[in-house]
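Text of data-v2.tsv, listed as TSV, C-alpha atoms:
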chain	number	residue	atom	x	y	z
A	223	MET	CA	166.21	112.63	8.78
A	224	LYS	CA	164.84	109.44	7.23
A	225	LYS	CA	166.72	108.78	3.99
A	226	VAL	CA	170.43	107.94	3.87
A	227	ALA	CA	172.71	107.21	0.91
A	228	VAL	CA	176.01	105.37	1.40
A	229	ILE	CA	178.70	105.75	-1.26
A	230	GLY	CA	180.80	102.60	-1.63
A	231	ALA	CA	179.71	98.99	-1.03
A	232	GLY	CA	183.01	97.72	0.36
A	233	THR	CA	183.71	96.59	3.92
A	234	MET	CA	182.94	99.92	5.55
A	235	GLY	CA	180.18	100.98	3.17
A	236	ASN	CA	178.09	97.83	3.47
A	237	GLY	CA	178.55	97.89	7.25
A	238	ILE	CA	177.35	101.50	7.47
A	239	ALA	CA	174.38	100.74	5.18
A	240	HIS	CA	173.52	97.67	7.30
A	241	VAL	CA	173.42	99.67	10.54
A	242	PHE	CA	171.35	102.54	9.18
A	243	ALA	CA	168.84	100.12	7.64
A	244	GLN	CA	168.67	98.04	10.81
A	245	PHE	CA	167.68	101.10	12.81
A	246	GLY	CA	164.87	102.21	10.55
A	247	TYR	CA	166.43	104.45	7.89
A	248	GLU	CA	165.67	104.06	4.19
A	249	VAL	CA	169.08	103.39	2.66
A	250	SER	CA	170.46	103.71	-0.86
A	251	LEU	CA	173.75	101.82	-1.28
A	252	VAL	CA	175.67	103.31	-4.21
A	253	ASP	CA	178.65	101.87	-6.07
A	254	ILE	CA	179.81	102.13	-9.69
A	255	SER	CA	180.26	98.33	-9.75
A	256	GLN	CA	177.22	96.04	-9.71
A	257	ASP	CA	179.50	93.20	-8.60
A	258	SER	CA	180.55	95.26	-5.58
A	259	LEU	CA	176.91	95.98	-4.77
A	260	ASP	CA	176.06	92.27	-5.03
A	261	ARG	CA	178.95	91.34	-2.73
A	262	GLY	CA	178.01	94.10	-0.31
A	263	MET	CA	174.39	92.96	-0.09
A	264	ALA	CA	175.51	89.33	0.33
A	265	THR	CA	177.71	90.42	3.23
A	266	ILE	CA	174.85	92.34	4.86
A	267	GLU	CA	172.55	89.31	4.57
A	268	LYS	CA	175.24	87.02	5.99
A	269	ASN	CA	175.81	89.35	8.94
A	270	LEU	CA	172.08	89.61	9.57
A	271	ASP	CA	171.81	85.80	9.48
A	272	ARG	CA	174.53	85.65	12.14
A	273	MET	CA	172.60	88.10	14.29
A	274	VAL	CA	169.43	86.01	13.91
A	275	SER	CA	171.30	82.82	14.88
A	276	LYS	CA	172.61	84.56	18.00
A	277	GLU	CA	169.07	85.78	18.77
A	278	LYS	CA	170.14	89.44	18.67
A	279	ILE	CA	167.43	90.16	16.10
A	280	SER	CA	164.44	88.21	14.77
A	281	ALA	CA	163.90	86.85	11.28
A	282	GLU	CA	161.29	89.59	10.87
A	283	ASP	CA	163.89	92.22	11.80
A	284	LYS	CA	166.23	90.81	9.15
A	285	ALA	CA	163.53	90.95	6.47
A	286	ALA	CA	162.58	94.51	7.45
A	287	THR	CA	166.23	95.61	7.35
A	288	LEU	CA	166.76	94.18	3.87
A	289	GLY	CA	163.48	95.75	2.76
A	290	ARG	CA	164.85	99.20	3.63
A	291	LEU	CA	167.92	98.73	1.39
A	292	LYS	CA	168.11	99.63	-2.31
A	293	THR	CA	171.19	99.53	-4.57
A	294	PHE	CA	172.24	101.96	-7.30
A	295	THR	CA	175.09	102.17	-9.79
A	296	SER	CA	174.11	105.77	-10.57
A	297	THR	CA	175.24	108.29	-7.95
A	298	GLU	CA	172.69	110.85	-9.16
A	299	GLU	CA	169.81	108.42	-8.76
A	300	GLY	CA	171.07	107.03	-5.48
A	301	VAL	CA	171.50	110.33	-3.65
A	302	LYS	CA	168.80	112.61	-5.09
A	303	THR	CA	166.33	112.22	-2.21
A	304	ALA	CA	168.83	111.56	0.62
A	305	ASP	CA	168.84	113.69	3.76
A	306	LEU	CA	172.30	112.38	4.71
A	307	ILE	CA	175.00	111.00	2.41
A	308	VAL	CA	177.88	109.03	3.91
A	309	GLU	CA	180.91	108.54	1.66
A	310	ALA	CA	182.87	105.34	2.35
A	311	ALA	CA	185.22	105.10	-0.62
A	312	THR	CA	188.95	104.31	-0.67
A	313	GLU	CA	191.18	106.43	1.59
A	314	ASN	CA	192.49	108.58	-1.24
A	315	GLU	CA	192.38	112.37	-1.06
A	316	SER	CA	191.91	113.14	-4.75
A	317	LEU	CA	189.21	110.47	-5.10
A	318	LYS	CA	187.29	111.90	-2.15
A	319	PHE	CA	187.52	115.43	-3.58
A	320	LYS	CA	186.09	114.16	-6.87
A	321	ILE	CA	183.26	112.30	-5.12
A	322	PHE	CA	182.30	115.31	-2.99
A	323	GLU	CA	182.24	117.63	-5.99
A	324	GLN	CA	179.83	115.16	-7.61
A	325	LEU	CA	177.72	114.76	-4.46
A	326	ASP	CA	177.46	118.52	-4.02
A	327	LYS	CA	175.90	118.81	-7.48
A	328	ALA	CA	173.64	115.75	-7.21
A	329	ALA	CA	172.32	116.07	-3.65
A	330	LYS	CA	169.46	118.31	-2.60
A	331	PRO	CA	170.68	121.64	-1.16
A	332	GLU	CA	169.78	120.84	2.44
A	333	ALA	CA	171.45	117.39	2.46
A	334	ILE	CA	174.33	116.77	4.86
A	335	LEU	CA	177.48	115.30	3.31
A	336	ALA	CA	179.49	113.06	5.63
A	337	THR	CA	182.73	111.18	5.05
A	338	ASN	CA	183.96	108.01	6.72
A	339	THR	CA	187.57	109.08	6.17
A	340	SER	CA	189.90	107.90	8.91
A	341	SER	CA	192.55	110.58	8.43
A	342	ILE	CA	191.91	113.09	5.60
A	343	SER	CA	191.05	116.71	6.48
A	344	ILE	CA	187.31	117.40	6.67
A	345	THR	CA	188.05	121.07	5.99
A	346	LYS	CA	189.81	120.21	2.72
A	347	ILE	CA	186.98	117.91	1.63
A	348	ALA	CA	184.37	120.56	2.52
A	349	ALA	CA	186.25	123.19	0.53
A	350	VAL	CA	185.44	121.47	-2.80
A	351	THR	CA	181.71	121.85	-2.11
A	352	SER	CA	179.32	124.81	-2.01
A	353	ARG	CA	178.05	123.72	1.43
A	354	PRO	CA	181.07	123.48	3.80
A	355	ASP	CA	178.78	124.11	6.77
A	356	LYS	CA	177.01	120.83	5.96
A	357	VAL	CA	180.14	118.65	5.59
A	358	ILE	CA	181.25	116.51	8.53
A	359	GLY	CA	183.28	113.41	9.36
A	360	MET	CA	181.58	110.20	10.58
A	361	HIS	CA	184.43	107.76	11.17
A	362	PHE	CA	182.86	104.38	11.91
A	363	MET	CA	185.00	101.51	13.20
A	364	ASN	CA	185.29	98.08	11.58
A	365	PRO	CA	183.23	95.88	11.83
A	366	VAL	CA	180.55	98.57	11.79
A	367	PRO	CA	177.61	96.46	13.05
A	368	VAL	CA	179.66	95.48	16.14
A	369	MET	CA	181.87	98.45	17.07
A	370	LYS	CA	180.22	101.16	19.17
A	371	LEU	CA	182.47	104.17	18.48
A	372	VAL	CA	181.89	106.83	15.84
A	373	GLU	CA	184.44	109.65	15.65
A	374	ILE	CA	182.53	112.81	14.71
A	375	ILE	CA	184.90	115.31	13.10
A	376	ARG	CA	183.77	118.84	12.39
A	377	GLY	CA	185.63	120.84	9.76
A	378	TYR	CA	186.51	124.51	10.09
A	379	SER	CA	183.10	125.55	8.71
A	380	THR	CA	180.86	122.72	9.96
A	381	SER	CA	177.86	124.25	11.72
A	382	ASP	CA	176.84	123.57	15.31
A	383	GLU	CA	173.43	122.48	14.05
A	384	VAL	CA	174.88	119.85	11.70
A	385	THR	CA	177.29	118.58	14.36
A	386	SER	CA	174.47	118.23	16.91
A	387	LEU	CA	172.24	116.45	14.40
A	388	ILE	CA	174.94	113.95	13.43
A	389	MET	CA	175.77	113.27	17.08
A	390	GLU	CA	172.08	112.47	17.71
A	391	THR	CA	171.85	110.41	14.52
A	392	SER	CA	174.82	108.31	15.65
A	393	LYS	CA	173.11	107.70	18.98
A	394	SER	CA	169.99	106.53	17.12
A	395	LEU	CA	172.19	103.75	15.69
A	396	LYS	CA	173.07	102.67	19.27
A	397	LYS	CA	176.58	104.03	18.73
A	398	THR	CA	178.68	106.21	21.02
A	399	PRO	CA	179.70	109.37	19.12
A	400	VAL	CA	182.79	111.29	20.24
A	401	GLU	CA	183.44	114.77	18.83
A	402	VAL	CA	187.06	115.44	17.86
A	403	ASN	CA	188.86	118.23	16.04
A	404	ASP	CA	190.03	118.22	12.44
A	405	TYR	CA	193.72	117.32	12.66
A	406	PRO	CA	195.54	114.63	10.65
A	407	GLY	CA	194.49	111.17	11.83
A	408	PHE	CA	191.96	112.67	14.27
A	409	VAL	CA	192.29	110.65	17.53
A	410	ALA	CA	191.91	106.96	16.64
A	411	ASN	CA	194.51	106.80	13.87
A	412	ARG	CA	196.73	109.54	15.31
A	413	ILE	CA	197.44	107.06	18.12
A	414	LEU	CA	196.84	103.66	16.48
A	415	MET	CA	198.81	103.99	13.24
A	416	PRO	CA	202.12	105.11	14.78
A	417	MET	CA	201.86	102.08	17.09
A	418	ILE	CA	201.36	99.77	14.11
A	419	ASN	CA	204.17	101.51	12.24
A	420	GLU	CA	206.47	101.10	15.27
A	421	ALA	CA	205.62	97.40	15.42
A	422	ILE	CA	206.65	97.09	11.75
A	423	ILE	CA	209.90	98.97	12.46
A	424	THR	CA	210.54	96.67	15.43
A	425	LEU	CA	210.06	93.64	13.16
A	426	ASN	CA	212.26	95.11	10.43
A	427	GLU	CA	215.08	95.79	12.93
A	428	GLY	CA	214.99	92.18	14.11
A	429	VAL	CA	214.01	92.96	17.68
A	430	ALA	CA	211.44	90.16	17.56
A	431	GLY	CA	209.38	88.12	15.11
A	432	VAL	CA	205.80	88.56	13.96
A	433	GLU	CA	204.27	86.17	16.50
A	434	GLU	CA	206.43	87.47	19.32
A	435	ILE	CA	205.53	91.12	18.74
A	436	ASP	CA	201.81	90.34	18.53
A	437	THR	CA	201.92	88.08	21.60
A	438	VAL	CA	203.63	90.76	23.70
A	439	MET	CA	200.94	93.28	22.82
A	440	LYS	CA	198.05	90.84	23.29
A	441	LEU	CA	199.17	89.39	26.60
A	442	GLY	CA	201.10	92.36	27.98
A	443	MET	CA	198.76	95.17	26.93
A	444	ALA	CA	195.46	93.24	26.75
A	445	HIS	CA	194.94	94.10	23.07
A	446	PRO	CA	192.40	91.77	21.41
A	447	MET	CA	194.81	91.26	18.50
A	448	GLY	CA	198.43	92.20	17.91
A	449	PRO	CA	199.37	95.27	15.84
A	450	LEU	CA	200.71	93.24	12.89
A	451	GLN	CA	197.59	91.09	12.71
A	452	LEU	CA	195.46	94.23	13.00
A	453	ALA	CA	197.45	95.88	10.20
A	454	ASP	CA	196.69	92.88	7.98
A	455	PHE	CA	192.97	93.20	8.76
A	456	ILE	CA	192.91	96.95	8.14
A	457	GLY	CA	194.93	96.59	4.94
A	458	LEU	CA	198.60	97.54	4.68
A	459	ASP	CA	197.78	99.92	1.84
A	460	VAL	CA	195.31	101.73	4.11
A	461	CYS	CA	197.89	101.85	6.93
A	462	LEU	CA	200.44	103.33	4.53
A	463	ALA	CA	197.97	105.92	3.22
A	464	ILE	CA	197.15	107.06	6.76
A	465	MET	CA	200.81	107.24	7.78
A	466	GLU	CA	201.48	109.37	4.69
A	467	VAL	CA	198.67	111.73	5.71
A	468	LEU	CA	200.14	111.98	9.23
A	469	TYR	CA	203.69	112.51	7.94
A	470	SER	CA	202.62	115.14	5.41
A	471	GLY	CA	200.17	116.90	7.69
A	472	LEU	CA	202.24	117.00	10.87
A	473	GLY	CA	205.73	117.28	9.35
A	474	ASN	CA	207.40	115.16	12.01
A	475	ASP	CA	209.82	112.33	11.20
A	476	LYS	CA	208.24	110.13	13.86
A	477	TYR	CA	205.32	109.65	11.47
A	478	ALA	CA	207.47	108.50	8.53
A	479	PRO	CA	206.17	105.14	7.22
A	480	SER	CA	208.42	102.16	7.79
A	481	PRO	CA	210.36	101.22	4.61
A	482	LEU	CA	209.16	97.64	5.16
A	483	LEU	CA	205.54	98.82	5.04
A	484	VAL	CA	206.24	100.79	1.86
A	485	ASN	CA	207.91	97.79	0.21
A	486	MET	CA	205.18	95.33	1.19
A	487	VAL	CA	202.48	97.52	-0.32
A	488	ALA	CA	204.54	97.98	-3.48
A	489	ALA	CA	204.87	94.18	-3.69
A	490	GLY	CA	201.10	93.75	-3.40
A	491	LYS	CA	201.23	92.24	0.09
A	492	LYS	CA	198.31	94.14	1.59
A	493	GLY	CA	197.14	91.73	4.28
A	494	VAL	CA	193.85	89.81	4.38
A	495	LYS	CA	192.51	91.44	1.20
A	496	SER	CA	195.45	90.15	-0.88
A	497	GLY	CA	195.85	86.84	0.96
A	498	GLU	CA	199.21	87.73	2.52
A	499	GLY	CA	200.78	90.38	4.71
A	500	PHE	CA	202.59	89.64	7.94
A	501	TYR	CA	200.50	86.46	8.02
A	502	ASP	CA	199.41	84.03	5.32
A	503	TRP	CA	195.64	84.38	4.92
A	504	SER	CA	195.25	82.07	1.93
A	505	HIS	CA	193.73	79.44	4.26
A	506	GLY	CA	191.20	81.89	5.73
A	507	THR	CA	191.29	84.09	8.82
A	508	LYS	CA	190.64	81.53	11.57
A	509	GLU	CA	194.26	80.38	11.92
A	510	LEU	CA	197.34	82.58	12.37
A	511	ILE	CA	200.09	81.42	10.02
A	512	VAL	CA	203.14	83.66	9.74
A	513	ALA	CA	203.92	84.59	6.12
A	514	SER	CA	206.88	82.74	4.62
A	515	ASN	CA	208.98	85.95	4.37
A	516	PHE	CA	208.86	86.32	8.16
A	517	LYS	CA	209.28	82.71	9.28
A	518	LYS	CA	212.41	82.08	11.28

For this file, produce the structure as structure tokens.
Amino acid sequence: MKKVAVIGAGTMGNGIAHVFAQFGYEVSLVDISQDSLDRGMATIEKNLDRMVSKEKISAEDKAATLGRLKTFTSTEEGVKTADLIVEAATENESLKFKIFEQLDKAAKPEAILATNTSSISITKIAAVTSRPDKVIGMHFMNPVPVMKLVEIIRGYSTSDEVTSLIMETSKSLKKTPVEVNDYPGFVANRILMPMINEAIITLNEGVAGVEEIDTVMKLGMAHPMGPLQLADFIGLDVCLAIMEVLYSGLGNDKYAPSPLLVNMVAAGKKGVKSGEGFYDWSHGTKELIVASNFKK
């Protein structure tokens, strides 16, 4: 496996493309928007520059990595020679189904189709293709160049051969792959998102404020950042989408999204990406400033 295509040049997509290219794969980064591709490539170069400055890679390594990256606005052109295609589009079920139907037609018959979904059923995604045995989940963590974990999720029909190959491919990226079963939220978000949702419920009920909740979890549980800050970084719209998948898929009221989360997303307060969530990010992400709606 030498050629990889990544669908989507956003935060996760450009991170996945960066890592594959850094470790010797020829990478096609595909997005319908040239602006998104330009931003994605600028982010990759910036992250590589940071690695050079920290002496984690050499300037020659950076140049070689960038040399292995090509961008495409045409899915058909971008994926036609790929051995592995990793979809990293928005966490939306119908959008992913549409993308996989398109990839199934455009990719060569032996290509493996992977999705970076953090919660949507691999079995459902595979079912819209003619190659369900070659469809698998590769859930990378953000930021991709830094985080070591990759959740490997096999669908009902995913073959042993494909699973083994993707486990080994993940290791070639200096990642630690963990195989999990295809249930809503898998492991990472099955545990993480209800915690974030409970933090939002705790805030909404007035048990404590934004800073207080995050401080308790950082200092009391040794979390690197509090759940409300983490929610802002993930994106409140993404958190809501995952909670809806959990609630629908598991049918248990404990997974019902907090009304506050629902209202914030409806109001466009999505966290860092919109400039405001539980914190005000209009000044950048270095300083924690509680959003005006939550100041005491």

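Shell of Thr424 of chain A at 12 Å, with all atoms listed in the file counted and residues fewer than 6 places along the chain excluded, is Pro416, Met417, Ile418, Ala430, Gly431, Val432, Glu434, Ile435, Asp436, Pro449, Leu450, Ser480, Pro481, Leu482 and Leu483 of chain A.
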
Do you know which residues are at most 9 Å from Met389 of chain A counting all atoms listed in the file, after dropping those on the same chain fewer than 5 positions away, and could you put them as a ChimeraX atom specification?
/A:372,374,384,394,398-401

Just the number, please: distance in Å from atom CA of Gly473 of chain A to atom CA of Leu414 of chain A, one decimal.
17.8 Å

Which residue gives the smallest distance to Met263 of chain A among A:Ile358, A:Leu288, A:Ala444, A:Val249, with all atoms listed in the file counted?
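The closest residue to Met263 of chain A is A:Leu288.
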
Given only C-alpha atoms as the basis, pick out the residue of A:Pro479, A:Gln451, A:Tyr469, A:Val357 nearest to Glu509 of chain A.
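Checking each candidate against Glu509 of chain A, we get A:Gln451 as the closest.
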
Shell of 9 Å around segment 314-318 of chain A, only C-alpha atoms, local chain residues under 5 positions omitted, as a ChimeraX atom specification
/A:309,323,337,339,342-343,347,463

Atomic distance atom CA of Ser250 of chain A - atom CA of Thr293 of chain A, expressed in Å with one decimal
5.6 Å

List the residues sitting within 10 Å of (164.8, 96.3, 11.3) in the file's frame, using only C-alpha atoms, as a PDB file with C-alpha atoms, in the frame of the given file.
ATOM      1  CA  HIS A 240     173.520  97.670   7.300  1.00  0.00           C
ATOM      2  CA  VAL A 241     173.420  99.670  10.540  1.00  0.00           C
ATOM      3  CA  PHE A 242     171.350 102.540   9.180  1.00  0.00           C
ATOM      4  CA  ALA A 243     168.840 100.120   7.640  1.00  0.00           C
ATOM      5  CA  GLN A 244     168.670  98.040  10.810  1.00  0.00           C
ATOM      6  CA  PHE A 245     167.680 101.100  12.810  1.00  0.00           C
ATOM      7  CA  GLY A 246     164.870 102.210  10.550  1.00  0.00           C
ATOM      8  CA  TYR A 247     166.430 104.450   7.890  1.00  0.00           C
ATOM      9  CA  ILE A 279     167.430  90.160  16.100  1.00  0.00           C
ATOM     10  CA  SER A 280     164.440  88.210  14.770  1.00  0.00           C
ATOM     11  CA  ALA A 281     163.900  86.850  11.280  1.00  0.00           C
ATOM     12  CA  GLU A 282     161.290  89.590  10.870  1.00  0.00           C
ATOM     13  CA  ASP A 283     163.890  92.220  11.800  1.00  0.00           C
ATOM     14  CA  LYS A 284     166.230  90.810   9.150  1.00  0.00           C
ATOM     15  CA  ALA A 285     163.530  90.950   6.470  1.00  0.00           C
ATOM     16  CA  ALA A 286     162.580  94.510   7.450  1.00  0.00           C
ATOM     17  CA  THR A 287     166.230  95.610   7.350  1.00  0.00           C
ATOM     18  CA  LEU A 288     166.760  94.180   3.870  1.00  0.00           C
ATOM     19  CA  GLY A 289     163.480  95.750   2.760  1.00  0.00           C
ATOM     20  CA  ARG A 290     164.850  99.200   3.630  1.00  0.00           C
TER      21      ARG A 290
END

Among A:Val494, A:Ile321, A:Met415, A:Leu291, Phe455 of chain A is approached most closely, using only C-alpha atoms, by A:Val494

Who sits within 12 Å of Thr380 of chain A, all atoms listed in the file, same chain under 2 positions skipped, as a compact mmCIF listing (two decimals) with C-alpha atoms, in the coordinates of the input:
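Contents of part_14.txt, as written:
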# COMPACT_ATOMS: atom_id res chain seq x y z
CA ILE A 334 174.33 116.77 4.86
CA LEU A 335 177.48 115.30 3.31
CA ALA A 336 179.49 113.06 5.63
CA ILE A 344 187.31 117.40 6.67
CA THR A 345 188.05 121.07 5.99
CA LYS A 346 189.81 120.21 2.72
CA ILE A 347 186.98 117.91 1.63
CA ALA A 348 184.37 120.56 2.52
CA ALA A 349 186.25 123.19 0.53
CA ARG A 353 178.05 123.72 1.43
CA PRO A 354 181.07 123.48 3.80
CA ASP A 355 178.78 124.11 6.77
CA LYS A 356 177.01 120.83 5.96
CA VAL A 357 180.14 118.65 5.59
CA ILE A 358 181.25 116.51 8.53
CA GLY A 359 183.28 113.41 9.36
CA ILE A 374 182.53 112.81 14.71
CA ILE A 375 184.90 115.31 13.10
CA ARG A 376 183.77 118.84 12.39
CA GLY A 377 185.63 120.84 9.76
CA TYR A 378 186.51 124.51 10.09
CA ASP A 382 176.84 123.57 15.31
CA GLU A 383 173.43 122.48 14.05
CA VAL A 384 174.88 119.85 11.70
CA THR A 385 177.29 118.58 14.36
CA SER A 386 174.47 118.23 16.91
CA LEU A 387 172.24 116.45 14.40
CA ILE A 388 174.94 113.95 13.43
CA ASN A 403 188.86 118.23 16.04
CA ASP A 404 190.03 118.22 12.44

Would you pick out the contacts of segment 365-368 of chain A at 12 Å or less, using only C-alpha atoms, so that residues sharing its chain but fewer than 2 positions from it are not included, and give the list as a ChimeraX atom specification?
/A:232-245,265-266,269-270,272-273,278,310,338,360-363,370-372,392,395-398,455-456

Please indicate the distance in Å from atom CA of Thr295 of chain A to atom CA of Ser340 of chain A, rounded to one decimal place.
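Atom CA of Ser340 of chain A lies at a distance of 24.5 Å from atom CA of Thr295 of chain A.
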